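Chemist: Below is the file work.csv, which contains CSV, C-alpha atoms.
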```
chain,number,residue,atom,x,y,z
A,20,MET,CA,-11.5,-3.7,-22.0
A,21,SER,CA,-9.3,-4.0,-19.0
A,22,ALA,CA,-10.8,-5.4,-15.8
A,23,LEU,CA,-9.5,-2.5,-13.7
A,24,SER,CA,-8.5,1.1,-13.8
A,25,VAL,CA,-5.8,2.6,-11.6
A,26,ALA,CA,-5.2,6.2,-10.8
A,27,VAL,CA,-2.3,7.5,-8.6
A,28,VAL,CA,-2.9,10.6,-6.6
A,29,PRO,CA,0.3,12.0,-5.0
A,30,VAL,CA,-0.6,13.2,-1.5
A,31,THR,CA,1.1,15.0,1.4
A,32,ALA,CA,4.5,16.7,1.4
A,33,PHE,CA,6.0,13.2,1.1
A,34,ALA,CA,4.4,12.8,-2.4
A,35,GLN,CA,2.9,9.4,-1.3
A,36,ASN,CA,1.2,7.5,-4.1
A,37,CYS,CA,-2.3,7.1,-2.9
A,38,THR,CA,-3.9,4.8,-5.5
A,39,ILE,CA,-7.5,4.4,-6.5
A,40,LEU,CA,-8.3,1.0,-7.8
A,41,MET,CA,-11.6,0.6,-9.7
A,42,CYS,CA,-13.3,-2.5,-11.0
A,43,ASN,CA,-14.4,-1.5,-14.5
A,44,ASN,CA,-17.4,-3.8,-14.6
A,45,THR,CA,-19.0,-2.6,-11.4
A,46,LYS,CA,-17.3,0.9,-10.9
A,47,GLN,CA,-16.7,-0.1,-7.3
A,48,ALA,CA,-13.4,1.2,-6.1
A,49,ALA,CA,-10.9,1.0,-3.2
A,50,VAL,CA,-8.6,3.7,-2.1
A,51,ILE,CA,-5.2,2.4,-1.2
A,52,ASP,CA,-3.2,4.4,1.4
A,53,PRO,CA,-5.1,7.7,1.7
A,54,GLY,CA,-2.3,9.6,3.5
A,55,GLY,CA,-4.0,13.0,3.3
A,56,ASP,CA,-5.3,15.6,0.8
A,57,VAL,CA,-8.7,13.9,1.1
A,58,SER,CA,-10.4,16.5,-1.2
A,59,ARG,CA,-8.0,15.6,-4.1
A,60,ILE,CA,-8.8,11.9,-3.6
A,61,LYS,CA,-12.5,12.6,-3.8
A,62,GLN,CA,-12.0,14.6,-6.9
A,63,GLN,CA,-10.2,11.7,-8.6
A,64,LEU,CA,-13.0,9.3,-7.6
A,65,GLU,CA,-15.5,11.6,-9.2
A,66,LYS,CA,-13.5,12.1,-12.3
A,67,MET,CA,-13.3,8.3,-12.7
A,68,GLY,CA,-17.1,7.8,-12.1
A,69,ALA,CA,-16.1,5.5,-9.3
A,70,THR,CA,-18.0,4.5,-6.2
A,71,ALA,CA,-15.6,4.0,-3.3
A,72,SER,CA,-16.5,1.1,-1.0
A,73,LYS,CA,-13.4,0.6,1.1
A,74,ILE,CA,-10.0,1.8,2.1
A,75,LEU,CA,-7.1,-0.7,1.8
A,76,LEU,CA,-4.0,0.1,3.9
A,77,THR,CA,-0.5,-1.4,3.3
A,78,HIS,CA,0.8,0.0,6.6
A,79,ALA,CA,0.1,2.8,9.0
A,80,HIS,CA,2.8,5.4,8.6
A,81,ILE,CA,1.3,8.9,8.6
A,82,ASP,CA,1.9,9.6,4.9
A,83,HIS,CA,-0.1,6.4,4.0
A,84,ALA,CA,-2.8,6.4,6.7
A,85,GLY,CA,-3.2,10.0,7.8
A,86,GLY,CA,-6.4,10.7,5.8
A,87,THR,CA,-8.0,7.3,6.6
A,88,ALA,CA,-10.4,8.4,9.4
A,89,GLU,CA,-11.6,11.5,7.5
A,90,LEU,CA,-12.2,9.7,4.2
A,91,ALA,CA,-13.9,6.7,5.8
A,92,ARG,CA,-16.2,9.0,7.7
A,93,ASP,CA,-17.0,11.2,4.7
A,94,LEU,CA,-17.7,8.4,2.3
A,95,ASN,CA,-18.9,5.7,4.8
A,96,LEU,CA,-16.1,3.3,3.8
A,97,THR,CA,-14.8,0.2,5.5
A,98,ILE,CA,-11.2,0.0,6.4
A,99,GLU,CA,-9.3,-3.2,5.6
A,100,GLY,CA,-5.7,-3.6,6.7
A,101,PRO,CA,-2.9,-3.5,7.5
A,102,HIS,CA,-1.8,-6.5,9.6
A,103,GLU,CA,-2.3,-6.1,13.4
A,104,GLY,CA,1.4,-5.6,13.8
A,105,ASP,CA,0.9,-2.0,12.9
A,106,LEU,CA,-1.6,-1.3,15.7
A,107,PHE,CA,0.9,0.9,17.6
A,108,TRP,CA,1.4,3.0,14.5
A,109,ILE,CA,-2.3,3.6,14.1
A,110,GLN,CA,-2.7,4.5,17.8
A,111,GLY,CA,0.2,6.9,17.4
A,112,LEU,CA,-1.1,8.8,14.3
A,113,PRO,CA,-1.9,11.9,16.3
A,114,GLN,CA,1.6,12.0,17.6
A,115,GLN,CA,3.0,11.3,14.1
A,116,SER,CA,1.0,14.2,12.6
A,117,ALA,CA,2.5,16.6,15.2
A,118,MET,CA,6.0,15.3,14.7
A,119,PHE,CA,5.9,15.7,10.9
A,120,GLY,CA,3.9,18.9,10.9
A,121,PHE,CA,0.8,17.4,9.3
A,122,PRO,CA,-2.7,18.7,9.9
A,123,ALA,CA,-4.1,17.0,13.0
A,124,VAL,CA,-5.3,13.5,12.2
A,125,GLU,CA,-7.4,11.0,14.1
A,126,SER,CA,-6.7,7.4,15.0
A,127,PHE,CA,-9.1,4.7,13.9
A,128,THR,CA,-9.8,1.0,14.2
A,129,PRO,CA,-9.7,-1.0,11.0
A,130,ASP,CA,-12.9,-3.0,10.3
A,131,ARG,CA,-10.7,-5.9,9.3
A,132,TRP,CA,-7.1,-6.7,10.1
A,133,LEU,CA,-5.4,-8.6,7.3
A,134,ASN,CA,-3.2,-11.7,7.5
A,135,ASP,CA,-0.9,-13.5,5.1
A,136,GLY,CA,-3.1,-15.5,2.7
A,137,ASP,CA,-6.2,-13.4,3.1
A,138,GLU,CA,-8.1,-12.0,0.2
A,139,VAL,CA,-9.7,-8.6,-0.4
A,140,GLU,CA,-12.3,-7.9,-3.0
A,141,VAL,CA,-12.9,-4.7,-5.1
A,142,GLY,CA,-16.0,-5.2,-7.1
A,143,GLU,CA,-15.4,-8.4,-9.1
A,144,LEU,CA,-11.7,-8.3,-8.5
A,145,LYS,CA,-9.8,-10.3,-5.9
A,146,PHE,CA,-6.4,-9.5,-4.5
A,147,GLN,CA,-4.2,-11.8,-2.4
A,148,VAL,CA,-2.8,-10.4,0.8
A,149,ILE,CA,0.9,-11.0,1.4
A,150,HIS,CA,2.3,-10.1,4.8
A,151,THR,CA,5.6,-8.3,4.2
A,152,PRO,CA,7.2,-7.1,7.5
A,153,GLY,CA,10.4,-5.1,7.7
A,154,HIS,CA,9.5,-1.5,6.9
A,155,THR,CA,6.8,-1.9,9.5
A,156,PRO,CA,5.8,-5.1,11.4
A,157,GLY,CA,2.3,-5.1,10.0
A,158,HIS,CA,3.0,-4.2,6.3
A,159,VAL,CA,1.0,-6.0,3.7
A,160,VAL,CA,1.0,-6.2,-0.1
A,161,PHE,CA,-2.0,-6.6,-2.4
A,162,TYR,CA,-1.5,-8.8,-5.4
A,163,ASN,CA,-3.7,-9.8,-8.4
A,164,PRO,CA,-2.1,-12.6,-10.4
A,165,GLN,CA,-4.5,-12.2,-13.4
A,166,GLN,CA,-3.6,-8.6,-13.9
A,167,LYS,CA,0.1,-9.2,-13.0
A,168,LEU,CA,-0.1,-6.3,-10.6
A,169,ALA,CA,0.9,-5.7,-7.0
A,170,PHE,CA,0.6,-2.7,-4.7
A,171,VAL,CA,3.6,-2.9,-2.5
A,172,GLY,CA,3.5,0.2,-0.3
A,173,ASP,CA,6.9,1.0,1.1
A,174,VAL,CA,8.5,-2.4,0.9
A,175,LEU,CA,10.2,-2.0,-2.5
A,176,PHE,CA,10.8,0.9,-4.8
A,177,ASN,CA,12.1,1.5,-8.3
A,178,GLY,CA,15.8,1.2,-7.5
A,179,SER,CA,15.5,1.2,-3.7
A,180,ILE,CA,13.8,-0.4,-0.7
A,181,GLY,CA,11.9,0.8,2.3
A,182,ARG,CA,13.5,2.3,5.3
A,183,THR,CA,14.0,0.2,8.4
A,184,ASP,CA,15.2,2.8,10.9
A,185,PHE,CA,11.7,3.5,12.3
A,186,PRO,CA,10.5,1.7,15.4
A,187,GLN,CA,10.1,-2.0,14.9
A,188,GLY,CA,11.7,-1.8,11.4
A,189,ASN,CA,13.9,-4.8,10.6
A,190,HIS,CA,16.3,-4.8,7.6
A,191,ALA,CA,16.7,-8.6,7.5
A,192,GLU,CA,12.9,-9.1,7.5
A,193,LEU,CA,12.5,-6.6,4.7
A,194,ILE,CA,15.0,-8.3,2.5
A,195,SER,CA,13.4,-11.6,3.1
A,196,SER,CA,9.9,-10.2,2.4
A,197,ILE,CA,11.2,-8.9,-1.0
A,198,ARG,CA,13.3,-11.9,-2.1
A,199,ASP,CA,11.2,-14.7,-0.6
A,200,LYS,CA,7.7,-13.4,-1.0
A,201,LEU,CA,7.6,-10.9,-3.8
A,202,PHE,CA,10.2,-11.9,-6.4
A,203,PRO,CA,8.9,-15.5,-6.7
A,204,LEU,CA,5.6,-14.1,-7.9
A,205,GLY,CA,7.3,-13.5,-11.3
A,206,ASP,CA,9.6,-11.2,-13.2
A,207,ASP,CA,6.7,-9.8,-15.2
A,208,ILE,CA,4.7,-8.5,-12.2
A,209,GLU,CA,4.4,-4.7,-12.3
A,210,PHE,CA,4.2,-3.0,-9.0
A,211,ILE,CA,2.9,0.3,-7.8
A,212,CYS,CA,4.9,1.6,-4.8
A,213,GLY,CA,4.3,4.2,-2.1
A,214,HIS,CA,6.7,6.7,-3.7
A,215,GLY,CA,8.1,7.2,-7.1
A,216,PRO,CA,7.6,5.4,-10.4
A,217,ASN,CA,6.3,1.9,-11.1
A,218,SER,CA,8.7,-1.0,-11.9
A,219,THR,CA,8.6,-4.8,-12.3
A,220,PHE,CA,10.0,-7.4,-10.0
A,221,GLY,CA,12.2,-8.6,-12.8
A,222,HIS,CA,13.7,-5.2,-13.3
A,223,GLU,CA,14.5,-4.9,-9.6
A,224,ARG,CA,16.0,-8.4,-9.5
A,225,GLN,CA,18.4,-7.2,-12.2
A,226,HIS,CA,19.1,-3.7,-11.2
A,227,ASN,CA,18.1,-2.8,-7.6
A,228,PRO,CA,21.4,-2.4,-5.7
A,229,PHE,CA,19.8,-3.6,-2.4
A,230,VAL,CA,18.1,-6.8,-3.5
A,231,SER,CA,19.3,-7.7,-7.0
A,232,ASP,CA,20.4,-11.3,-7.9
A,233,HIS,CA,23.9,-9.9,-8.6
A,234,ARG,CA,24.4,-8.4,-5.1
A,235,GLY,CA,27.2,-10.3,-3.3
```
Would you mind writing the file out in structure tokens?
Modeler:
Amino acid sequence: MSALSVAVVPVTAFAQNCTILMCNNTKQAAVIDPGGDVSRIKQQLEKMGATASKILLTHAHIDHAGGTAELARDLNLTIEGPHEGDLFWIQGLPQQSAMFGFPAVESFTPDRWLNDGDEVEVGELKFQVIHTPGHTPGHVVFYNPQQKLAFVGDVLFNGSIGRTDFPQGNHAELISSIRDKLFPLGDDIEFICGHGPNSTFGHERQHNPFVSDHRG
């Protein structure tokens, strides 16, 4: 039996891939990037027979973090991540919700800020934290080498890359995060991204027009 189960719950008008990650041995689960639609997230946890223990945040844009305060309060969860570089995004969540027409959301303070090289645990599973700035300054990726799986938020997509035109976005940093921190993990690493279908780092190295090896 696989050590983990993963369920993707698309949330908000942005169809953000909120991901539930469950350790099959313990049934402990983490909710990655609960952007909203908290009732749907809870339904999926129940369907999986999972006991959520924490929220993991890749970054603090509204479509990834908007449901965090509500879900943490309802299920008594700890909040881990992102990197402290995204503090200003967290503090601005109420303004973000008004700007994008979201239901009113609350700000929050993570129980643990994450740094490059940290580790997070979900039941018996351990995930390496990789700081990947560019889309936002505090963006992080969660990576499990045994399962050959990474949760990359909005850094890299199937055929595309994250936007860098938001405040404190940085295109050169984003490209460096992908090429220097993610691609070296291996071509066979599958990743779940914040929007759209999964891919592998090898596929993106070959075919992604923004970061492929063949790009001039």
Chemist: Closest to Gly181 in chain A among A:Lys61, A:Arg198, A:His214, A:Lys145, using all atoms listed in the file?
Modeler: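 Smallest distance to Gly181 in chain A is found for A:His214.
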Chemist: Tell me which of A:Ile211, A:Ala169, A:Val27, A:Val139 sits closest to Ser72 in chain A, counting all atoms listed in the file.
Modeler: A:Val139
Chemist: In Å, how far is it from CA of Gly54 in chain A to CA of Gly120 in chain A?
Modeler: 13.4 Å
Chemist: Could you pull out every residue with an atom within 10 Å of (6.9, 8.5, -6.2), file coordinates, counting only C-alpha atoms, and send them as an mmCIF file with C-alpha atoms, in the coordinates of the input?
Modeler:
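And here's point-v5.cif as it stands now:
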```cif
data_model
loop_
_atom_site.group_PDB
_atom_site.id
_atom_site.type_symbol
_atom_site.label_atom_id
_atom_site.label_comp_id
_atom_site.auth_asym_id
_atom_site.auth_seq_id
_atom_site.Cartn_x
_atom_site.Cartn_y
_atom_site.Cartn_z
ATOM 1 C CA VAL A 27 -2.300 7.500 -8.600
ATOM 2 C CA PRO A 29 0.300 12.000 -5.000
ATOM 3 C CA PHE A 33 6.000 13.200 1.100
ATOM 4 C CA ALA A 34 4.400 12.800 -2.400
ATOM 5 C CA GLN A 35 2.900 9.400 -1.300
ATOM 6 C CA ASN A 36 1.200 7.500 -4.100
ATOM 7 C CA CYS A 37 -2.300 7.100 -2.900
ATOM 8 C CA PHE A 176 10.800 0.900 -4.800
ATOM 9 C CA ASN A 177 12.100 1.500 -8.300
ATOM 10 C CA ILE A 211 2.900 0.300 -7.800
ATOM 11 C CA CYS A 212 4.900 1.600 -4.800
ATOM 12 C CA GLY A 213 4.300 4.200 -2.100
ATOM 13 C CA HIS A 214 6.700 6.700 -3.700
ATOM 14 C CA GLY A 215 8.100 7.200 -7.100
ATOM 15 C CA PRO A 216 7.600 5.400 -10.400
ATOM 16 C CA ASN A 217 6.300 1.900 -11.100
#
```
Chemist: Expressed in Å to a single decimal, how great is the separation between CA of Gly221 in chain A and CA of Gly178 in chain A?
Modeler: 11.7 Å
Chemist: Hey, which of A:Val30, A:Val230, A:Ala117, A:Leu76 ends up closest to Leu133 in chain A? Count all atoms listed in the file.
Modeler: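 Among the listed residues, A:Leu76 lies closest to Leu133 in chain A.
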Chemist: Just to confirm, what's the straight-line distance from CA of Ser24 in chain A to CA of Gln62 in chain A in Å (one decimal)?
Modeler: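 We find that CA of Ser24 in chain A and CA of Gln62 in chain A lie 15.6 Å from each other.
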Chemist: Considering all atoms listed in the file, state which residue in the set A:Gln115, A:Asn163, A:Gln187, A:Ser218 is at the smallest distance from Glu140 in chain A.
Modeler: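 Comparing A:Gln115, A:Asn163, A:Gln187, A:Ser218 against Glu140 in chain A, the winner is A:Asn163.
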Chemist: Return the single residue from A:Met67, A:Met118, A:Val174, A:Val57 that is closest to Val25 in chain A, with distances computed using only C-alpha atoms.
Modeler: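 Between A:Met67, A:Met118, A:Val174, A:Val57, the residue approaching Val25 in chain A most closely is A:Met67.
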Chemist: Can you pull out the residues contacting His233 in chain A? Cut-off 9 Å, using only C-alpha atoms, and skip same-chain residues under 6 positions away; I want them as a PyMOL selection string.
Modeler: chain A and resi 224-226
Chemist: Can you list, as number ranges by chain, every protein, DNA or RNA residue that comes within 9 Å of Phe170 in chain A when you count all atoms listed in the file, leaving out same-chain residues fewer than 4 positions away?
Modeler: A: 38, 51, 77, 160-162, 209-213
Chemist: Quick one: of A:Asp52, A:Asp135, A:Glu125, A:Asp206, who's nearest to His78 in chain A, counting all atoms listed in the file?
Modeler: A:Asp52
